[in-house]
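**Q** TSV, C-alpha atoms, file work.tsv:
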chain	number	residue	atom	x	y	z
A	18	MET	CA	31.99	-21.74	6.87
A	19	THR	CA	31.68	-21.31	3.13
A	20	GLY	CA	32.10	-23.74	0.30
A	21	ASP	CA	31.74	-27.50	0.30
A	22	ALA	CA	35.03	-28.20	2.08
A	23	PRO	CA	35.47	-25.71	4.93
A	24	ARG	CA	38.72	-25.15	6.76
A	25	ILE	CA	39.38	-24.17	10.31
A	26	THR	CA	41.93	-21.65	11.46
A	27	GLY	CA	43.25	-20.45	14.78
A	28	ASP	CA	46.42	-19.86	16.74
A	29	TRP	CA	45.88	-23.16	18.56
A	30	LEU	CA	45.94	-25.03	15.24
A	31	THR	CA	49.37	-23.74	14.25
A	32	ALA	CA	50.86	-23.64	17.75
A	33	PRO	CA	54.21	-25.50	17.85
A	34	ALA	CA	53.06	-27.55	20.85
A	35	THR	CA	50.05	-28.91	18.98
A	36	ARG	CA	51.98	-29.39	15.75
A	37	ALA	CA	54.47	-31.49	17.66
A	38	VAL	CA	51.74	-33.93	18.72
A	39	CYS	CA	50.41	-34.25	15.18
A	40	ASP	CA	53.92	-34.61	13.75
A	41	ALA	CA	54.68	-37.42	16.20
A	42	LEU	CA	51.70	-39.39	14.86
A	43	THR	CA	52.04	-38.60	11.17
A	44	GLY	CA	55.79	-39.04	11.28
A	45	GLY	CA	55.17	-42.59	12.48
A	46	GLY	CA	52.94	-43.30	9.49
A	47	HIS	CA	49.59	-42.73	11.21
A	48	GLN	CA	46.76	-40.26	10.86
A	49	ALA	CA	46.04	-37.31	13.15
A	50	TRP	CA	42.65	-35.60	13.05
A	51	PHE	CA	41.28	-32.94	15.35
A	52	VAL	CA	37.77	-33.98	16.33
A	53	GLY	CA	34.64	-32.86	18.12
A	54	GLY	CA	34.37	-29.64	20.06
A	55	CYS	CA	37.59	-28.00	18.87
A	56	VAL	CA	36.54	-28.41	15.23
A	57	ARG	CA	32.96	-27.35	15.89
A	58	ASP	CA	33.98	-24.27	17.88
A	59	ALA	CA	36.64	-23.25	15.35
A	60	LEU	CA	34.05	-23.41	12.57
A	61	LEU	CA	31.68	-21.28	14.63
A	62	GLY	CA	34.42	-18.78	15.43
A	63	VAL	CA	34.15	-19.19	19.19
A	64	PRO	CA	37.09	-19.84	21.55
A	65	VAL	CA	38.45	-23.38	21.43
A	66	GLY	CA	38.93	-25.19	24.72
A	67	ASP	CA	40.10	-28.78	24.92
A	68	ILE	CA	42.08	-30.15	21.99
A	69	ASP	CA	41.05	-33.69	21.07
A	70	ILE	CA	42.84	-35.68	18.40
A	71	SER	CA	41.68	-38.94	16.85
A	72	THR	CA	43.99	-41.39	15.14
A	73	ASP	CA	44.19	-44.81	13.57
A	74	ALA	CA	47.21	-45.58	15.77
A	75	ARG	CA	46.57	-48.00	18.60
A	76	PRO	CA	47.10	-46.51	22.07
A	77	GLU	CA	50.38	-48.34	22.69
A	78	THR	CA	51.68	-46.95	19.42
A	79	THR	CA	50.56	-43.43	20.32
A	80	LEU	CA	52.34	-43.77	23.66
A	81	ALA	CA	55.56	-44.93	22.01
A	82	LEU	CA	55.51	-42.30	19.25
A	83	ALA	CA	54.90	-39.46	21.68
A	84	GLN	CA	57.67	-40.58	24.00
A	85	ALA	CA	60.06	-41.01	21.06
A	86	ALA	CA	59.31	-37.40	20.10
A	87	GLY	CA	60.27	-36.25	23.60
A	88	LEU	CA	56.69	-35.55	24.64
A	89	LYS	CA	55.13	-36.47	27.96
A	90	ALA	CA	52.54	-39.21	27.40
A	91	LEU	CA	50.15	-40.41	30.09
A	92	PRO	CA	47.96	-43.54	29.72
A	93	THR	CA	44.96	-41.75	31.23
A	94	GLY	CA	42.40	-43.92	29.44
A	95	ILE	CA	44.48	-46.48	27.63
A	96	ASP	CA	41.86	-49.24	28.01
A	97	HIS	CA	39.45	-47.04	26.05
A	98	GLY	CA	42.09	-45.87	23.62
A	99	THR	CA	42.99	-42.47	25.12
A	100	ILE	CA	46.50	-41.19	25.74
A	101	THR	CA	47.02	-37.69	27.11
A	102	VAL	CA	50.01	-36.15	25.37
A	103	VAL	CA	51.38	-33.06	27.07
A	104	SER	CA	53.23	-30.73	24.73
A	105	GLY	CA	54.31	-27.23	25.66
A	106	GLY	CA	52.38	-27.65	28.89
A	107	ILE	CA	49.13	-28.21	26.96
A	108	PRO	CA	47.28	-31.54	27.34
A	109	HIS	CA	46.09	-33.12	24.10
A	110	GLU	CA	43.78	-36.11	24.37
A	111	VAL	CA	44.70	-38.54	21.61
A	112	THR	CA	42.17	-41.32	21.12
A	113	THR	CA	42.23	-44.27	18.77
A	114	TRP	CA	39.25	-44.63	16.45
A	115	ARG	CA	36.63	-46.74	18.24
A	116	ARG	CA	33.32	-48.48	17.81
A	117	ASP	CA	30.88	-49.54	20.50
A	118	VAL	CA	30.59	-53.24	21.25
A	119	GLU	CA	28.22	-53.06	24.21
A	120	THR	CA	26.47	-50.23	26.07
A	121	ASP	CA	24.26	-50.11	29.15
A	122	GLY	CA	23.21	-46.47	29.22
A	123	ARG	CA	26.07	-45.43	31.50
A	124	ARG	CA	29.28	-46.76	29.98
A	125	ALA	CA	30.40	-48.53	26.84
A	126	VAL	CA	32.60	-51.47	25.97
A	127	VAL	CA	34.56	-50.39	22.91
A	128	ALA	CA	36.72	-51.99	20.27
A	129	PHE	CA	39.22	-50.18	18.10
A	130	ALA	CA	38.02	-49.25	14.63
A	131	ASP	CA	39.79	-49.02	11.30
A	132	THR	CA	37.92	-46.10	9.75
A	133	MET	CA	36.95	-42.57	10.65
A	134	GLU	CA	33.34	-43.26	9.74
A	135	GLU	CA	33.10	-46.04	12.34
A	136	ASP	CA	34.47	-43.63	14.93
A	137	ALA	CA	31.99	-40.94	13.88
A	138	ARG	CA	29.01	-43.31	14.12
A	139	ARG	CA	29.50	-43.76	17.88
A	140	ARG	CA	29.40	-40.03	18.63
A	141	ASP	CA	26.34	-38.18	19.89
A	142	PHE	CA	25.44	-35.32	17.52
A	143	THR	CA	26.22	-34.68	13.89
A	144	MET	CA	27.88	-31.32	14.66
A	145	ASN	CA	30.27	-33.15	17.01
A	146	ALA	CA	31.24	-35.74	14.37
A	147	LEU	CA	33.47	-33.35	12.44
A	148	TYR	CA	37.20	-33.87	11.93
A	149	ALA	CA	40.03	-31.67	10.66
A	150	ASP	CA	43.53	-32.57	9.57
A	151	PRO	CA	46.60	-30.70	10.85
A	152	GLU	CA	46.24	-28.20	8.00
A	153	GLY	CA	42.68	-27.39	9.03
A	154	ARG	CA	40.85	-29.19	6.21
A	155	VAL	CA	37.52	-30.42	7.57
A	156	ALA	CA	36.21	-33.94	7.02
A	157	ASP	CA	32.52	-34.75	7.51
A	158	PRO	CA	32.41	-38.56	7.31
A	159	LEU	CA	28.66	-38.80	7.92
A	160	GLY	CA	27.82	-36.03	5.46
A	161	GLN	CA	25.52	-34.10	7.83
A	162	GLY	CA	27.69	-32.33	10.37
A	163	VAL	CA	28.73	-29.27	8.38
A	164	GLN	CA	25.21	-28.73	7.07
A	165	ASP	CA	23.67	-29.07	10.53
A	166	LEU	CA	26.26	-26.79	12.09
A	167	ARG	CA	25.60	-24.14	9.45
A	168	ALA	CA	21.88	-24.36	10.21
A	169	ARG	CA	22.54	-24.61	13.97
A	170	HIS	CA	20.42	-27.74	13.89
A	171	LEU	CA	21.26	-30.11	16.75
A	172	ARG	CA	20.64	-33.62	15.56
A	173	PHE	CA	21.42	-37.03	17.04
A	174	ILE	CA	23.47	-39.27	14.77
A	175	ASP	CA	21.22	-41.85	13.11
A	176	ASP	CA	18.50	-43.12	15.51
A	177	PRO	CA	17.99	-40.78	18.52
A	178	ASP	CA	16.51	-43.58	20.62
A	179	GLN	CA	19.57	-45.76	20.10
A	180	ARG	CA	22.01	-42.92	20.77
A	181	ILE	CA	20.24	-42.11	24.04
A	182	ARG	CA	20.08	-45.72	25.21
A	183	GLU	CA	23.85	-45.96	24.72
A	184	ASP	CA	24.36	-43.20	27.28
A	185	TYR	CA	21.43	-41.51	28.99
A	186	LEU	CA	23.59	-38.50	29.81
A	187	ARG	CA	23.12	-37.56	26.16
A	188	ILE	CA	19.64	-36.38	27.10
A	189	LEU	CA	21.13	-33.63	29.24
A	190	ARG	CA	23.88	-32.95	26.73
A	191	TYR	CA	21.20	-32.41	24.09
A	192	PHE	CA	19.60	-29.58	26.05
A	193	ARG	CA	22.95	-28.03	26.98
A	194	PHE	CA	24.22	-28.11	23.41
A	195	HIS	CA	20.96	-26.73	22.07
A	196	ALA	CA	21.16	-23.82	24.50
A	197	ARG	CA	24.69	-23.05	23.29
A	198	PHE	CA	24.59	-23.88	19.60
A	199	GLY	CA	20.98	-24.41	18.50
A	200	ASP	CA	18.93	-21.95	16.51
A	201	PRO	CA	16.50	-20.50	19.09
A	202	ASP	CA	14.03	-19.51	16.38
A	203	ALA	CA	13.89	-22.94	14.74
A	204	GLY	CA	12.95	-24.91	17.85
A	205	MET	CA	14.13	-28.41	18.71
A	206	ASP	CA	14.10	-31.56	16.64
A	207	PRO	CA	10.70	-33.27	17.28
A	208	GLU	CA	12.21	-36.73	16.74
A	209	ALA	CA	14.88	-36.00	19.36
A	210	LEU	CA	12.34	-34.68	21.87
A	211	ALA	CA	10.13	-37.75	21.42
A	212	ALA	CA	13.08	-40.07	22.06
A	213	ILE	CA	14.10	-38.02	25.09
A	214	ALA	CA	10.61	-38.17	26.60
A	215	ALA	CA	10.48	-41.93	26.05
A	216	ASN	CA	13.82	-42.47	27.77
A	217	ALA	CA	13.72	-39.86	30.54
A	218	ASP	CA	13.62	-42.55	33.24
A	219	GLY	CA	17.14	-43.56	32.23
A	220	ILE	CA	18.48	-40.45	33.95
A	221	ASP	CA	17.72	-42.07	37.31
A	222	GLY	CA	20.46	-44.63	36.69
A	223	LEU	CA	23.19	-42.03	36.16
A	224	SER	CA	25.52	-40.87	38.90
A	225	ARG	CA	24.30	-37.68	40.54
A	226	GLU	CA	27.72	-36.12	39.99
A	227	ARG	CA	27.37	-36.50	36.20
A	228	VAL	CA	23.81	-35.17	36.26
A	229	GLY	CA	24.79	-32.23	38.46
A	230	ALA	CA	27.76	-31.34	36.27
A	231	GLU	CA	25.56	-31.23	33.17
A	232	LEU	CA	22.90	-29.09	34.83
A	233	VAL	CA	25.50	-26.64	36.12
A	234	LYS	CA	26.99	-26.36	32.61
A	235	LEU	CA	23.53	-25.69	31.16
A	236	LEU	CA	22.89	-23.00	33.78
A	237	SER	CA	26.13	-21.26	32.77
A	238	VAL	CA	24.72	-20.53	29.29
A	239	ALA	CA	23.54	-16.95	28.83
A	240	ASP	CA	19.90	-17.93	28.27
A	241	PRO	CA	19.05	-21.51	29.26
A	242	MET	CA	15.28	-20.96	29.48
A	243	ARG	CA	14.17	-22.59	26.22
A	244	ALA	CA	16.21	-25.67	27.00
A	245	LEU	CA	14.91	-25.87	30.56
A	246	ALA	CA	11.32	-25.40	29.39
A	247	ALA	CA	11.78	-28.34	27.01
A	248	MET	CA	13.31	-30.36	29.85
A	249	ASP	CA	10.22	-29.62	31.90
A	250	GLN	CA	7.81	-30.50	29.10
A	251	THR	CA	9.52	-33.82	28.33
A	252	GLY	CA	9.58	-34.85	32.01
A	253	VAL	CA	13.36	-34.63	32.25
A	254	LEU	CA	13.56	-31.86	34.84
A	255	ARG	CA	11.81	-33.89	37.54
A	256	HIS	CA	14.41	-36.64	37.12
A	257	VAL	CA	17.25	-34.13	37.36
A	258	LEU	CA	16.00	-32.13	40.35
A	259	PRO	CA	12.66	-33.25	41.82
A	260	GLY	CA	10.34	-30.38	42.64
A	261	ALA	CA	12.29	-27.80	40.62
A	262	GLY	CA	10.29	-25.16	38.80
A	263	LEU	CA	10.93	-22.38	36.31
A	264	ARG	CA	8.64	-19.69	37.75
A	265	ALA	CA	11.46	-17.70	39.39
A	266	LEU	CA	14.29	-18.65	37.05
A	267	GLY	CA	13.01	-16.76	34.01
A	268	PRO	CA	12.75	-13.45	35.88
A	269	LEU	CA	16.14	-14.07	37.49
A	270	VAL	CA	17.83	-14.61	34.12
A	271	HIS	CA	16.20	-11.39	32.87
A	272	LEU	CA	17.37	-9.47	35.93
A	273	GLU	CA	20.92	-10.75	35.53
A	274	GLY	CA	20.87	-9.31	32.04
A	275	THR	CA	19.46	-5.92	33.02
A	276	GLN	CA	21.96	-5.67	35.88
A	277	GLY	CA	24.86	-6.59	33.61
A	278	ARG	CA	25.72	-9.66	35.68
A	279	ALA	CA	27.39	-12.71	34.20
A	280	PRO	CA	25.42	-15.98	34.43
A	281	ASP	CA	25.66	-17.32	37.99
A	282	GLN	CA	24.99	-21.06	38.01
A	283	VAL	CA	24.66	-21.32	41.79
A	284	LEU	CA	22.29	-18.37	41.98
A	285	ARG	CA	20.21	-19.94	39.22
A	286	LEU	CA	20.12	-23.24	41.11
A	287	ALA	CA	18.79	-21.33	44.10
A	288	ALA	CA	16.02	-19.96	41.90
A	289	LEU	CA	15.07	-23.40	40.56
A	290	GLY	CA	13.96	-24.54	43.99
A	291	GLY	CA	12.89	-28.13	44.52
A	292	GLU	CA	14.86	-30.76	46.38
A	293	ASP	CA	18.01	-29.55	48.12
A	294	PRO	CA	20.43	-29.48	45.17
A	295	GLY	CA	23.48	-30.03	47.37
A	296	PRO	CA	22.95	-33.76	47.95
A	297	ALA	CA	20.61	-34.20	44.97
A	298	LEU	CA	23.33	-33.12	42.54
A	299	ARG	CA	26.41	-33.88	44.64
A	300	LEU	CA	27.50	-30.24	44.54
A	301	PRO	CA	30.67	-28.99	46.22
A	302	LYS	CA	30.02	-28.09	49.86
A	303	LYS	CA	30.71	-24.39	49.28
A	304	ASP	CA	28.11	-24.25	46.49
A	305	ALA	CA	25.52	-26.11	48.54
A	306	ALA	CA	26.12	-23.78	51.48
A	307	ARG	CA	25.80	-20.74	49.23
A	308	ILE	CA	22.46	-21.95	47.85
A	309	THR	CA	21.12	-22.28	51.38
A	310	ARG	CA	22.39	-18.81	52.28
A	311	LEU	CA	20.97	-17.24	49.12
A	312	ARG	CA	17.54	-18.77	49.66
A	313	ASP	CA	17.43	-17.92	53.37
A	314	GLU	CA	18.44	-14.31	52.84
A	315	ALA	CA	16.22	-13.81	49.77
A	316	THR	CA	13.17	-14.89	51.74
A	317	GLY	CA	14.28	-13.10	54.90
A	318	SER	CA	13.71	-9.54	56.06
A	319	ARG	CA	17.17	-7.96	56.00
A	320	GLY	CA	17.35	-4.76	54.02
A	321	PRO	CA	19.75	-4.08	51.13
A	322	ALA	CA	22.27	-2.12	53.21
A	323	GLU	CA	22.47	-4.78	55.92
A	324	LEU	CA	22.86	-7.47	53.28
A	325	GLY	CA	25.71	-5.48	51.76
A	326	TRP	CA	27.44	-5.17	55.10
A	327	ARG	CA	27.07	-8.86	55.92
A	328	HIS	CA	27.86	-10.37	52.51
A	329	GLY	CA	29.59	-7.78	50.38
A	330	GLU	CA	28.12	-5.76	47.52
A	331	GLY	CA	28.12	-8.43	44.79
A	332	GLU	CA	26.58	-11.17	46.91
A	333	ALA	CA	24.02	-8.79	48.39
A	334	GLN	CA	22.93	-7.79	44.91
A	335	ALA	CA	22.62	-11.46	43.96
A	336	ILE	CA	20.36	-11.98	46.99
A	337	LEU	CA	18.28	-8.97	46.02
A	338	ILE	CA	17.60	-10.08	42.45
A	339	LEU	CA	16.78	-13.57	43.73
A	340	ARG	CA	14.34	-11.96	46.17
A	341	GLU	CA	12.68	-10.02	43.38
A	342	ALA	CA	12.42	-13.15	41.22
A	343	LEU	CA	11.06	-15.35	44.02
A	344	LEU	CA	8.61	-12.83	45.46
A	345	GLU	CA	7.62	-11.30	42.11
A	346	MET	CA	7.95	-7.83	43.62
A	347	PRO	CA	10.09	-5.04	42.15
A	348	LEU	CA	13.00	-3.91	44.27
A	349	PRO	CA	13.17	-0.34	45.59
A	350	PRO	CA	14.94	1.85	43.00
A	351	ASP	CA	17.91	2.43	45.29
A	352	ALA	CA	18.30	-1.20	46.43
A	353	MET	CA	21.52	-1.93	44.55
A	354	ALA	CA	23.10	1.34	45.63
A	355	ARG	CA	22.11	0.65	49.22
A	356	ALA	CA	23.81	-2.74	49.04
A	357	GLY	CA	26.99	-0.97	47.97
A	358	PHE	CA	26.59	1.57	50.75
A	359	GLY	CA	26.26	-1.17	53.38
A	360	ALA	CA	29.25	-3.05	52.02
A	361	ALA	CA	31.41	0.02	52.57
A	362	GLN	CA	30.60	0.32	56.31
A	363	THR	CA	32.83	-0.80	59.18
A	364	PHE	CA	31.34	-1.72	62.56
A	365	PRO	CA	32.88	0.72	65.07
A	366	LEU	CA	32.99	-1.59	68.10
A	367	THR	CA	35.09	-4.61	69.00
A	368	ALA	CA	34.78	-7.09	71.84
A	369	LYS	CA	37.76	-5.43	73.46
A	370	GLY	CA	35.95	-2.09	73.41
A	371	LEU	CA	33.12	-3.59	75.49
A	372	GLN	CA	35.40	-4.95	78.20
A	373	PRO	CA	35.55	-4.96	81.17
A	374	ARG	CA	31.95	-3.72	81.28
A	375	PHE	CA	30.73	-6.96	79.68
A	376	GLN	CA	32.22	-10.39	80.19
A	377	GLY	CA	31.53	-13.96	79.04
A	378	ARG	CA	28.10	-14.62	77.59
A	379	GLU	CA	27.02	-11.04	78.27
A	380	LEU	CA	29.84	-9.82	76.00
A	381	GLY	CA	28.47	-11.72	73.00
A	382	GLU	CA	24.93	-10.54	73.70
A	383	ALA	CA	26.13	-6.93	74.03
A	384	LEU	CA	27.90	-7.15	70.68
A	385	ARG	CA	24.73	-8.43	69.04
A	386	ARG	CA	22.64	-5.62	70.59
A	387	ALA	CA	25.18	-3.04	69.52
A	388	GLU	CA	25.21	-4.43	65.99
A	389	ALA	CA	21.39	-4.26	65.79
A	390	LEU	CA	21.40	-0.66	67.09
A	391	TRP	CA	24.09	0.34	64.58
A	392	ILE	CA	22.18	-1.15	61.65
A	393	ALA	CA	18.91	0.42	62.83
A	394	SER	CA	20.66	3.82	62.89
A	395	ASP	CA	21.58	3.28	59.23
A	396	PHE	CA	25.20	2.83	60.34
A	397	THR	CA	25.41	6.34	61.83
A	398	LEU	CA	26.05	5.56	65.51
A	399	ASP	CA	29.72	5.69	66.47
A	400	ALA	CA	31.37	3.70	69.26
A	401	GLY	CA	30.51	6.28	71.91
A	402	GLY	CA	26.87	6.41	70.87
A	403	LEU	CA	26.60	2.63	70.89
A	404	LEU	CA	28.19	2.33	74.35
A	405	ALA	CA	25.80	4.93	75.70
A	406	ALA	CA	22.80	3.09	74.23
A	407	LEU	CA	23.71	-0.31	75.70
Please lay out the structure from this file as structure tokens.

**A**
Amino acid sequence: MTGDAPRITGDWLTAPATRAVCDALTGGGHQAWFVGGCVRDALLGVPVGDIDISTDARPETTLALAQAAGLKALPTGIDHGTITVVSGGIPHEVTTWRRDVETDGRRAVVAFADTMEEDARRRDFTMNALYADPEGRVADPLGQGVQDLRARHLRFIDDPDQRIREDYLRILRYFRFHARFGDPDAGMDPEALAAIAANADGIDGLSRERVGAELVKLLSVADPMRALAAMDQTGVLRHVLPGAGLRALGPLVHLEGTQGRAPDQVLRLAALGGEDPGPALRLPKKDAARITRLRDEATGSRGPAELGWRHGEGEAQAILILREALLEMPLPPDAMARAGFGAAQTFPLTAKGLQPRFQGRELGEALRRAEALWIASDFTLDAGGLLAAL
């Protein structure tokens, strides 16, 4: 990002599938501008995910132009100006320039706008109000986005209080975006934090699914601790997950790093504690069940090898670092290796091997006794030794 008029580059920008979408719009006499995250990420040199395009064409026109070009067009959000155009198997969200007419903190009533600047004014942060034409030339209609992105300064557009009251989810987006893109040494914008603290109660009116999705995204960032500490200090964290605390999460994040583990959002949720995050955040059932299992095993008494046998090496190691973080006690030096050792073991007995000596309820009890004996022997007893000990 050098010079006054930066340009973006990338294979996605010149891909025939994406060019076809832009050509359909511009060939019909309308504008096509990449906007938001794809422009921001391209300028930062990080991988680009979703491709969003803004245009002055009304949604019905976008639909017609895409179909005339032989592209699949879906009216996924036509009432709000969005058409999903699928080209080369890649979805492109094409949205007409908009302005807010009415907001209630959860959703907005919009009207179509005639200028890019109007469209930019309704966005959340200056670094997200950047546009680029099909050739990659960047437009900064508010005059702050490029500068703020260069400085990694996350700033609400215009009045932070107003932006937040339009959609209270922007409070959580602020912390997530700061964790990803903000300058950790510069701290957070005091004006933004004051507005967040004043409006934290608005989070209670959001759907728990939206809140949970934002928290999970934040917890997927390599180091979310500064953002979470600010959430705690501004009173936001108690609205997101009542009773949650950061005492164990900091050590857990550190241990993930020293162990070379990728960020594990579910494991980090287990470390946050507080109200059961399954129903509180409307998590998928498998994630809620895993949190319960992680917490139970981390505070239980099973050793590393047994954990490895029961849950596999990776999950056992996750349990062990959660245990260390929760209990504030270093693990034995060989704990991770022992988890791998346990994961490699195979129980030598089957129910069939205990019949006809044991039947019915006694069979299940015998299997459990044999399992306990085998684990206590450090997995050394074979089938004959276990049968003799029963």

**Q** Given the point (39.0, -46.3, 22.7) in the coordinates of this file, which residues lie within 7 Å, counting only C-alpha atoms, and how would they look as a PyMOL selection string?

**A** chain A and resi 96-99+112-115+127-129

**Q** For a cutoff of 10 Å around the file-coordinate point (34.6, -42.5, 15.8), which residues qualify once you count all atoms listed in the file? I'd like the result as a list in words.

**A**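 The distance filter leaves exactly Val52, Gly53, Ser71, Thr72, Thr112, Thr113, Trp114, Arg115, Arg116, Asp117, Phe129, Ala130, Asp131, Thr132, Met133, Glu134, Glu135, Asp136, Ala137, Arg138, Arg139, Arg140, Ala146, Leu147, Tyr148 and Pro158 of chain A.
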
**Q** Residues at most 12 Å from Asp28 in chain A, counting all atoms listed in the file, excluding those fewer than 5 positions away in the same chain, as a ChimeraX atom specification?

**A** /A:33-36,59,64-65,153

**Q** Closest to Leu80 in chain A among A:Gly45, A:Pro350, A:Pro241, A:Gly325, using only C-alpha atoms?

**A**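 Using only C-alpha atoms, Leu80 in chain A sits closest to A:Gly45.
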
**Q** For CA of Arg385 in chain A and CA of Pro349 in chain A, quote the distance in Å rounded to one decimal.

**A** 27.4 Å

**Q** When you draw a straight line from CA of Ala85 in chain A to CA of Ala41 in chain A, how long is it in Å?

**A**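 Those two atoms sit 8.1 Å apart.
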
**Q** Have a look at A:Phe142, A:Trp29, A:Tyr185, A:Phe364 and name the one nearest to Gly199 in chain A; count all atoms listed in the file.

**A**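 Selected residue with least distance to Gly199 in chain A: A:Phe142.
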
**Q** Would you list the contacts of Asn216 in chain A as a list in words, taking every protein, DNA or RNA residue within 12 Å and counting only C-alpha atoms, but skipping same-chain residues closer than 3 positions in sequence?

**A** Gly122, Pro177, Asp178, Gln179, Arg180, Ile181, Arg182, Glu183, Asp184, Tyr185, Leu186, Arg187, Ile188, Leu189, Ala209, Leu210, Ala211, Ala212, Ile213, Gly219, Ile220, Asp221, Gly222, Thr251, Gly252, Val253 and His256 of chain A

**Q** Enter the distance from CA of His328 in chain A to CA of Ala230 in chain A, in Å, rounded to one decimal.

**A**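 Those two atoms sit 26.5 Å apart.
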
**Q** Restricting the calculation to all atoms listed in the file, which member of A:Gly274, A:Pro259, A:Pro280, A:Gly381 is positioned closest to Leu235 in chain A?

**A** A:Pro280

**Q** Kindly indicate which residue among A:Glu152, A:Glu226, A:Glu330, A:Glu388 lies nearest to Pro294 in chain A, using only C-alpha atoms for the distances.

**A**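 Once distances to Pro294 in chain A are computed over only C-alpha atoms, the minimum belongs to A:Glu226.
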
**Q** Identify which of the residues A:Arg327, A:His109, A:Arg24, A:Arg255 lies closest to Gly357 in chain A, counting all atoms listed in the file when measuring atom-to-atom distances.

**A**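 For Gly357 in chain A, the nearest of the candidates is A:Arg327.
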
**Q** Write out as a list in words each polymer residue whose atoms come within 10 Å of range 262-266 of chain A, counting all atoms listed in the file; drop sequence neighbours fewer than 6 positions from it.

**A**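 Within the cut-off, the hits are Pro241, Met242, Leu245, Ala246, Asp249, Leu254, Arg255, Leu272, Leu284, Arg285, Leu286, Ala287, Ala288, Leu289, Gly290, Gly291, Leu339, Arg340, Glu341, Ala342, Leu343, Leu344 and Glu345 of chain A.
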